[in-house]
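Below is one structure, written out as structure tokens; the observations come after it.
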Amino acid sequence: MMERRRQSGFSLVEAAIAVALVGVTAVGALTAAANSATRRSDVAARAQAAVLAEELAGEVAGLAYEDPQVGSSTLGPDAGETAVNRSRFDDVDDYNGWTEKGPTDKAGAAISGAESFTRTVTVQWVLGSSPSTTSVTETGAKLVTVTVSRSERAAATVRLVRTKKWEQMTP
């Protein structure tokens with residue numbers, strides 16, 4: 001009688017299954033790593049957008065409630081102020097409608113690393129007792145909304161309310 005010898009090792013089928021399992025595991029690991037990198041990038045972009053929004057909101061908050069020379073009853077830049085360059089803006093509502101792609105400082109110098117962002121500002125009259133209620137006429141309170149977007153999606157928004165009374169109370 002002839003004896004069959006059993007060979008040890010992997011068969012071709014077992015090797016193919018092992019390669020397939022390793023491949024699926026590698027694809028899963030690479031997908032997870034790519035998702036992690038994308039999320040880190042999104043978090044960094046949102047943080048930068050928040051800084052850009054806070055910076056512009058602070059710039060607006062440091063200005064007068066209304067034009068010191070003219071005392072305009074409209075929202076937006078006054079005569080002699082251009083919507084292209086904010087260096088002459090001297091009151092809060094001059095920023096109404098302001099939009100800039102690739103944010104700059106007030107003097108117009110580009111902010112490094114911010115080229116992919118867009119900043120927009122809206123100013124509305126609101127009721128001082130209810131800042132979510134807008135008005136078409138002067139109320140003594142203005143809601144300023146600064147929005148920073150990236151790839152057409154809002155990444156950060158800052159809102160502040162300025163009132164005439166606050167300005168009258170500060171020395």
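The way I read the labels, and the way they are meant: chains A, B, ... in the order of the structure tokens, residue 1 as the first residue of every chain, and ligand 1 as the first ligand shown, with later ones counted on from there.
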
Inset, instruction - Within chain A, find each residue whose DSSP state, derived from the backbone, is strand (DSSP E), and express the selection as a PyMOL selection string. - result: chain A and resi 99-101+117-127+130-135+141-150+153-163

Legend entry - Residues near segment 46-63 of chain A, cut-off 10 Å, only C-alpha atoms, skip fewer than 2 positions along chain, as number ranges by chain: A: 40-44, 65-68, 89-95, 103-106, 111, 113-114, 117-121, 144-150, 154-162, 167

Create the file for the chosen residues now, containing N, CA and C atoms and written as a CSV table (one decimal), in the first residue's frame.
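Result file is selection-v7.csv:
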```
chain,number,residue,atom,x,y,z
A,40,ARG,N,-8.7,66.9,11.0
A,40,ARG,CA,-7.7,67.8,11.6
A,40,ARG,C,-7.6,69.1,10.8
A,41,SER,N,-7.6,69.0,9.4
A,41,SER,CA,-7.5,70.2,8.6
A,41,SER,C,-8.8,71.0,8.8
A,42,ASP,N,-10.0,70.4,8.9
A,42,ASP,CA,-11.2,71.1,9.1
A,42,ASP,C,-11.2,71.9,10.4
A,43,VAL,N,-10.7,71.2,11.5
A,43,VAL,CA,-10.6,71.8,12.8
A,43,VAL,C,-9.7,73.0,12.7
A,44,ALA,N,-8.5,72.9,12.1
A,44,ALA,CA,-7.6,74.0,12.0
A,44,ALA,C,-8.2,75.1,11.2
A,65,TYR,N,-20.5,104.5,17.3
A,65,TYR,CA,-21.8,103.9,17.0
A,65,TYR,C,-22.3,104.5,15.6
A,66,GLU,N,-22.1,105.9,15.5
A,66,GLU,CA,-22.5,106.5,14.3
A,66,GLU,C,-21.4,107.5,13.8
A,67,ASP,N,-21.5,107.9,12.6
A,67,ASP,CA,-20.4,108.8,12.0
A,67,ASP,C,-20.2,110.0,12.8
A,68,PRO,N,-19.0,110.3,13.3
A,68,PRO,CA,-18.8,111.5,14.1
A,68,PRO,C,-19.0,112.8,13.4
A,89,PHE,N,-13.2,103.8,7.2
A,89,PHE,CA,-14.4,103.5,8.0
A,89,PHE,C,-14.2,104.1,9.4
A,90,ASP,N,-15.2,104.9,9.8
A,90,ASP,CA,-15.1,105.5,11.1
A,90,ASP,C,-16.2,105.2,12.1
A,91,ASP,N,-17.2,104.4,11.6
A,91,ASP,CA,-18.3,104.0,12.5
A,91,ASP,C,-18.7,102.6,12.2
A,92,VAL,N,-19.5,102.0,13.1
A,92,VAL,CA,-19.9,100.6,13.0
A,92,VAL,C,-20.6,100.3,11.7
A,93,ASP,N,-21.6,101.1,11.3
A,93,ASP,CA,-22.4,100.7,10.2
A,93,ASP,C,-21.7,100.9,8.8
A,94,ASP,N,-20.5,101.5,8.8
A,94,ASP,CA,-19.8,101.6,7.6
A,94,ASP,C,-19.5,100.2,7.0
A,95,TYR,N,-19.4,99.2,7.9
A,95,TYR,CA,-19.1,97.8,7.5
A,95,TYR,C,-20.2,97.1,6.9
A,103,PRO,N,-8.8,87.8,3.3
A,103,PRO,CA,-8.9,88.8,4.3
A,103,PRO,C,-7.6,89.7,4.4
A,104,THR,N,-7.8,90.9,4.7
A,104,THR,CA,-6.7,91.9,4.9
A,104,THR,C,-6.8,92.6,6.2
A,105,ASP,N,-5.8,93.3,6.6
A,105,ASP,CA,-5.9,94.1,7.8
A,105,ASP,C,-6.6,95.4,7.4
A,106,LYS,N,-6.8,96.3,8.3
A,106,LYS,CA,-7.5,97.5,8.0
A,106,LYS,C,-6.8,98.4,7.0
A,111,ILE,N,-3.6,89.1,5.0
A,111,ILE,CA,-3.3,88.3,6.2
A,111,ILE,C,-2.7,87.0,5.7
A,113,GLY,N,-1.8,83.3,5.0
A,113,GLY,CA,-2.4,82.0,5.3
A,113,GLY,C,-4.0,82.1,5.2
A,114,ALA,N,-4.5,83.3,4.9
A,114,ALA,CA,-6.0,83.4,5.0
A,114,ALA,C,-6.6,83.5,3.6
A,117,PHE,N,-10.1,82.2,2.6
A,117,PHE,CA,-11.3,82.6,3.4
A,117,PHE,C,-12.0,83.8,2.8
A,118,THR,N,-13.3,84.0,3.1
A,118,THR,CA,-14.0,85.2,2.7
A,118,THR,C,-14.7,85.7,4.0
A,119,ARG,N,-14.6,87.0,4.2
A,119,ARG,CA,-15.2,87.6,5.4
A,119,ARG,C,-16.3,88.6,4.9
A,120,THR,N,-17.5,88.5,5.5
A,120,THR,CA,-18.6,89.3,5.2
A,120,THR,C,-19.2,89.9,6.5
A,121,VAL,N,-19.7,91.1,6.4
A,121,VAL,CA,-20.3,91.8,7.5
A,121,VAL,C,-21.7,92.4,7.2
A,144,VAL,N,-24.2,93.7,14.7
A,144,VAL,CA,-23.1,93.4,13.7
A,144,VAL,C,-22.8,91.9,13.6
A,145,THR,N,-22.9,91.4,12.4
A,145,THR,CA,-22.6,90.0,12.2
A,145,THR,C,-21.5,89.8,11.3
A,146,VAL,N,-20.4,89.2,11.8
A,146,VAL,CA,-19.2,88.9,10.9
A,146,VAL,C,-19.2,87.4,10.7
A,147,THR,N,-19.2,87.1,9.4
A,147,THR,CA,-19.2,85.6,9.0
A,147,THR,C,-17.9,85.4,8.2
A,148,VAL,N,-17.2,84.3,8.5
A,148,VAL,CA,-16.0,83.9,7.7
A,148,VAL,C,-16.4,82.6,7.1
A,149,SER,N,-16.2,82.5,5.8
A,149,SER,CA,-16.5,81.3,5.0
A,149,SER,C,-15.3,80.8,4.3
A,150,ARG,N,-15.3,79.5,4.0
A,150,ARG,CA,-14.3,78.8,3.3
A,150,ARG,C,-15.0,77.8,2.3
A,154,ALA,N,-20.0,78.6,5.7
A,154,ALA,CA,-19.6,79.4,6.9
A,154,ALA,C,-18.8,78.5,7.8
A,155,ALA,N,-17.7,79.1,8.2
A,155,ALA,CA,-16.8,78.4,9.2
A,155,ALA,C,-16.8,79.0,10.5
A,156,ALA,N,-17.2,80.3,10.6
A,156,ALA,CA,-17.2,81.0,11.9
A,156,ALA,C,-18.1,82.2,11.8
A,157,THR,N,-18.9,82.5,12.8
A,157,THR,CA,-19.7,83.7,12.9
A,157,THR,C,-19.6,84.3,14.3
A,158,VAL,N,-19.4,85.7,14.3
A,158,VAL,CA,-19.4,86.4,15.5
A,158,VAL,C,-20.5,87.5,15.4
A,159,ARG,N,-21.2,87.7,16.5
A,159,ARG,CA,-22.2,88.7,16.5
A,159,ARG,C,-22.0,89.6,17.7
A,160,LEU,N,-22.2,90.9,17.5
A,160,LEU,CA,-22.1,91.8,18.6
A,160,LEU,C,-23.1,92.9,18.5
A,161,VAL,N,-23.6,93.5,19.6
A,161,VAL,CA,-24.6,94.5,19.6
A,161,VAL,C,-23.9,95.8,20.1
A,162,ARG,N,-24.0,96.9,19.4
A,162,ARG,CA,-23.5,98.2,19.8
A,162,ARG,C,-24.7,99.1,20.0
A,167,GLU,N,-22.0,103.9,24.2
A,167,GLU,CA,-21.0,104.9,23.8
A,167,GLU,C,-21.1,106.1,24.6
```

Inset, instruction - Just list the residues in chain A DSSP gives helix (DSSP H, G or I) on the backbone, as a PyMOL selection string. - result: chain A and resi 12-61+86-88+92-95+164-169
